[in-house]
Amino acid sequence: MSAVLSIARAQVAVTLRERITLFWFLVFPLFVLALMTLVFSNVGEDGGDMTFEITLVNLDRPSPGGADFSSGIAEALRHLGEPREGGEDPLFALHVPGEDVEPHAYLDEELAALRVGRRAAVVVIPQGFSENAARAAFASGETVSSKLSVHTSGGRTSSDLAASILDQVFATVDREILTRLGLFDAGRSVVLARREIGTQGREFRYVDFLLPGVVLMGFLTAGLFSVPGTILFGREQKILRTYWVTPLDVPRYFAGFALGHVALCALQFACVVLLGRFAFGARVDLLQPVPLLYLVLAAATSLAIGFLIAAVARTGNAGMAIANIVNMPMMFLGGLFFPIGELSPALRAAMLANPVTYLADGLRASTGAEAGVLPPVATVAVPLAWIALCVGVAAFRLRLDEKR
Amino acid sequence: MEETALRVTNLRKSYGEVHAVDGVSFAVPVGRVFTLLGPNGAGKTTTLEILEGIRDADEGEIEVFGQRVRRIDRATKERMGVLLQEGNFEPHLRVKEVLRLFSSFFRSPRSLSDVLREVSLEEKENAFVKTLSGGQRQRLALGVALINNPDLVFLDEPTTGLDPQARRNIWSLVTGLTESGKTVILTTHYMEEAEALSNAVCIMDHGRIIAEGSPRDLAAQLGRETLIEFVAPPGKEPSPESLGPSCKAVRRDGDLVVVETEDLVATMARLLDWSGTAESALAGMTVRQPNLEDVFLSMTGRRLRE
């Protein structure tokens, strides 16, 4: 067996035999997946105290004395934005543009907010809606099309639920329009144009959002803790120096190390996906070429960051401390568990500097679990830049033995 | 003419103002056990680590089996086996897994079963490293050093910290190596180990070689004196004059009184007379020939293990 394969095999064996490493490598990701799915998967599904963030952009300007259906729709939505009987929270938190705000620019901002999960739906009443609706209602045929648009994000439970409620609201408005015009007929309706952002026509749940995040979390944890731990403690305990008196060279050692890391990540990935699929019914499909490439990129990025920590830390304990310090911000500012919402400029800058943000966005977008917010090129280029930076620093600073 | 396995010329290595190795030169013929002997900090391990390829020398030339090498390269390492003074194996690997791992680093490794048999670890092949005793770990380290059937074997303090039985086991393994024609470079601060195993000894102190030769030749450099040792309280020792002209010196080493003599019978008779007169019991009296410890002591005024 070649040295590279032997080192990889030894690394896998050691990791799986050491209880603490095994816990963090395998048990912890499964635990996080199970815990967060159980706790958060039902949020909003009963409509209980959930308040949906809805945006209404009314571009319709009815002519004086003409039909004004847009005001009725706006009024209906506003009504749903008021507290319910019994003091319960309102069903909708309605966002509308201020009078001095340019509505198209506002619409762009709100659609962006929808993409990152800060809005459940964006309703657009287009210019000339009332006029067209009145004209269409008198037209022959059973179904008349209007241009009312509801933008939803197909990958989110909250968005799907909001869309469902909006459908009911608009069906009521529809009946009201036809009734006012004296044209109500069970066979007639005004069909609303629903535009989904994200996967079309597939039912996704929180676990589908969470699963790629937990996979990435596992990779990140392995890279941040296992890689510097193996190198730094191996150096301190004089394990690595036994290699350097043999013909084994550093490139082959690292090749074996990287192969072992990828193999462990693959094992971890398999366990998380199996649990997600069979225990929690996840439907997100990560076993496609593009998501798999993102996963390889994620494993390589975590490996490189691990090398960077090993290069800058003097001791194994220092390495673990650094890993602890960077682990949490990287995970929670990378959108692994929840969509990144509104952030302060400083946190937003940290989020945009975080390679995990790009990996998570790219991975979810590639599976269709979530609409990508970031440019696809950036989701590959930024992690690659991080790999180059980390490997570059490690090449100069990483010591594999005492002073030589 | 004897083939030279290893030739070192004017080797130097400094750390700041400290000269860890200060112009060391020696040559080792094929099939011999060559020992670097000296106290802790003498420069033995640094010298060995340069020769093993772990450290780079500041100056000096190294020739391995007639080939001059600037650094110990991969081809040279294929012919070398190394047991490090400070080296460990992954505690969660099994004995045979460690050997398999290291065998993959070499082009022509030996069979694992041969190595396990040679270091008497067949019954422990499935044991985890963390469960091995100190002696078993050293035997595993020796097995790793021999996995490639090396021509040149470096053993850096292979018996430090081992119990007498484990030490004897390692000695017999080293003896077996030379019987199979291998060249062994050994470091130790155990004088008896150097005497038992070595064809040639190089005594180092403060990074320099202070004496070199076979253990017998080195001891002979002290002359033909015999040493008589006994325990006596301070102030209760004979003067050299009282023991006659064959007595060369009387010195004290803690509670131990050491008498150096050229004529054992004559000096012993005088010593017994003195014992009766001085009412000293000559407790724990032994008679012996000078050894490497005495050589080191005579050259540095210190003991090897001080």
# chains A, B, ... in the order shown; residues from 1 in each chain; ligands from 1
$ interface_residues --of "chain A" --to "chain B" --cutoff "7 Å" --atoms "only C-alpha atoms" --output "list in words"
Met1, Ser2, Ala3, Ser6, Ile7, Val14, Arg17, Gln237, Lys238, Ile239, Arg241, Thr242, Trp244, Val245, Thr246, Pro247, Leu248 and Arg404 of chain A
$ closest_residue --among "A:Gly81, A:Pro345, A:Gly281, A:Gly229" --to "Thr51 (chain A)" --atoms "only C-alpha atoms"
A:Gly81
$ closest_residue --among "A:Met36, A:Asn132, A:Met328, A:Asp89" --to "Ser63 (chain A)" --atoms "only C-alpha atoms"
A:Asn132
$ residues_around --residues "Pro215 (chain B)" --least-positions-apart "5" --cutoff "12 Å" --atoms "only C-alpha atoms" --output "PyMOL selection string"
chain B and resi 33-37+191-203+220-222+289-296
$ select_by_dssp --residues "region 58-135 of chain B" --states "strand (DSSP E or B)" --output "PyMOL selection string"
chain B and resi 59-64+67-69+80-83+94+128
$ select_by_dssp --residues "region 130-254 of chain B" --states "alpha helix (DSSP H)" --output "MDAnalysis selection string"
chainID B and resid 134:145 164:179 191:197 215:220
$ write_last_selection --atoms "N, CA and C atoms" --output "tab-separated table (two decimals), in the first residue's frame"
chain	number	residue	atom	x	y	z
B	134	GLY	N	6.80	-0.01	28.71
B	134	GLY	CA	7.94	0.76	28.19
B	134	GLY	C	8.87	-0.09	27.35
B	135	GLY	N	9.15	-1.28	27.83
B	135	GLY	CA	10.05	-2.18	27.09
B	135	GLY	C	9.44	-2.62	25.77
B	136	GLN	N	8.14	-2.88	25.80
B	136	GLN	CA	7.47	-3.30	24.56
B	136	GLN	C	7.44	-2.16	23.55
B	137	ARG	N	7.26	-0.95	24.03
B	137	ARG	CA	7.27	0.21	23.12
B	137	ARG	C	8.64	0.38	22.48
B	138	GLN	N	9.69	0.17	23.28
B	138	GLN	CA	11.03	0.29	22.72
B	138	GLN	C	11.28	-0.80	21.69
B	139	ARG	N	10.75	-2.00	21.97
B	139	ARG	CA	10.91	-3.07	20.98
B	139	ARG	C	10.13	-2.76	19.71
B	140	LEU	N	8.97	-2.15	19.88
B	140	LEU	CA	8.21	-1.73	18.69
B	140	LEU	C	9.01	-0.67	17.92
B	141	ALA	N	9.59	0.28	18.66
B	141	ALA	CA	10.39	1.32	18.00
B	141	ALA	C	11.57	0.69	17.27
B	142	LEU	N	12.14	-0.33	17.87
B	142	LEU	CA	13.25	-1.03	17.21
B	142	LEU	C	12.74	-1.76	15.97
B	143	GLY	N	11.56	-2.36	16.09
B	143	GLY	CA	10.95	-3.03	14.93
B	143	GLY	C	10.72	-2.05	13.79
B	144	VAL	N	10.25	-0.86	14.12
B	144	VAL	CA	10.05	0.18	13.10
B	144	VAL	C	11.39	0.55	12.46
B	145	ALA	N	12.43	0.64	13.30
B	145	ALA	CA	13.76	0.99	12.78
B	145	ALA	C	14.32	-0.11	11.87
B	164	PRO	N	15.94	-3.46	34.19
B	164	PRO	CA	17.12	-4.24	33.78
B	164	PRO	C	16.80	-5.36	32.79
B	165	GLN	N	15.67	-6.03	32.98
B	165	GLN	CA	15.33	-7.12	32.07
B	165	GLN	C	15.06	-6.60	30.66
B	166	ALA	N	14.28	-5.52	30.58
B	166	ALA	CA	13.98	-4.93	29.27
B	166	ALA	C	15.26	-4.43	28.61
B	167	ARG	N	16.16	-3.90	29.42
B	167	ARG	CA	17.44	-3.42	28.89
B	167	ARG	C	18.25	-4.57	28.30
B	168	ARG	N	18.26	-5.68	29.02
B	168	ARG	CA	18.99	-6.86	28.52
B	168	ARG	C	18.38	-7.34	27.20
B	169	ASN	N	17.07	-7.28	27.11
B	169	ASN	CA	16.41	-7.71	25.86
B	169	ASN	C	16.85	-6.86	24.69
B	170	ILE	N	16.92	-5.55	24.93
B	170	ILE	CA	17.36	-4.65	23.85
B	170	ILE	C	18.82	-4.94	23.49
B	171	TRP	N	19.64	-5.19	24.50
B	171	TRP	CA	21.05	-5.49	24.23
B	171	TRP	C	21.19	-6.71	23.33
B	172	SER	N	20.39	-7.73	23.63
B	172	SER	CA	20.52	-8.95	22.82
B	172	SER	C	20.07	-8.68	21.38
B	173	LEU	N	19.08	-7.80	21.22
B	173	LEU	CA	18.64	-7.45	19.86
B	173	LEU	C	19.75	-6.70	19.12
B	174	VAL	N	20.43	-5.80	19.82
B	174	VAL	CA	21.52	-5.04	19.19
B	174	VAL	C	22.66	-5.99	18.80
B	175	THR	N	22.97	-6.91	19.68
B	175	THR	CA	24.01	-7.90	19.37
B	175	THR	C	23.64	-8.69	18.12
B	176	GLY	N	22.37	-9.03	18.03
B	176	GLY	CA	21.89	-9.76	16.84
B	176	GLY	C	22.05	-8.95	15.57
B	177	LEU	N	21.91	-7.66	15.66
B	177	LEU	CA	22.06	-6.80	14.47
B	177	LEU	C	23.47	-6.86	13.92
B	178	THR	N	24.44	-6.77	14.81
B	178	THR	CA	25.83	-6.78	14.33
B	178	THR	C	26.21	-8.16	13.79
B	179	GLU	N	25.59	-9.18	14.36
B	179	GLU	CA	25.87	-10.53	13.85
B	179	GLU	C	25.35	-10.68	12.42
B	191	MET	N	27.35	3.67	31.03
B	191	MET	CA	28.70	3.18	30.77
B	191	MET	C	28.73	1.68	30.52
B	192	GLU	N	27.95	0.92	31.32
B	192	GLU	CA	27.98	-0.53	31.17
B	192	GLU	C	27.37	-0.97	29.84
B	193	GLU	N	26.43	-0.17	29.33
B	193	GLU	CA	25.82	-0.48	28.03
B	193	GLU	C	26.85	-0.30	26.92
B	194	ALA	N	27.57	0.81	27.00
B	194	ALA	CA	28.60	1.06	26.00
B	194	ALA	C	29.66	-0.03	26.03
B	195	GLU	N	30.05	-0.44	27.23
B	195	GLU	CA	31.08	-1.48	27.35
B	195	GLU	C	30.59	-2.83	26.84
B	196	ALA	N	29.31	-3.10	27.09
B	196	ALA	CA	28.78	-4.41	26.71
B	196	ALA	C	28.56	-4.53	25.21
B	197	LEU	N	28.23	-3.43	24.54
B	197	LEU	CA	27.79	-3.53	23.15
B	197	LEU	C	28.80	-3.03	22.13
B	215	PRO	N	36.40	0.22	24.20
B	215	PRO	CA	36.27	0.39	25.66
B	215	PRO	C	37.52	-0.04	26.41
B	216	ARG	N	38.13	-1.15	25.95
B	216	ARG	CA	39.33	-1.65	26.64
B	216	ARG	C	40.50	-0.69	26.48
B	217	ASP	N	40.68	-0.17	25.24
B	217	ASP	CA	41.79	0.76	24.99
B	217	ASP	C	41.64	2.04	25.80
B	218	LEU	N	40.39	2.50	25.86
B	218	LEU	CA	40.17	3.75	26.61
B	218	LEU	C	40.49	3.56	28.09
B	219	ALA	N	40.05	2.43	28.62
B	219	ALA	CA	40.33	2.17	30.04
B	219	ALA	C	41.83	2.03	30.26
B	220	ALA	N	42.51	1.43	29.28
B	220	ALA	CA	43.94	1.23	29.41
B	220	ALA	C	44.71	2.54	29.40
$ closest_residue --among "A:Val215, A:Ile54, A:Val101, A:Ala255" --to "Thr152 (chain A)" --atoms "only C-alpha atoms"
A:Ile54
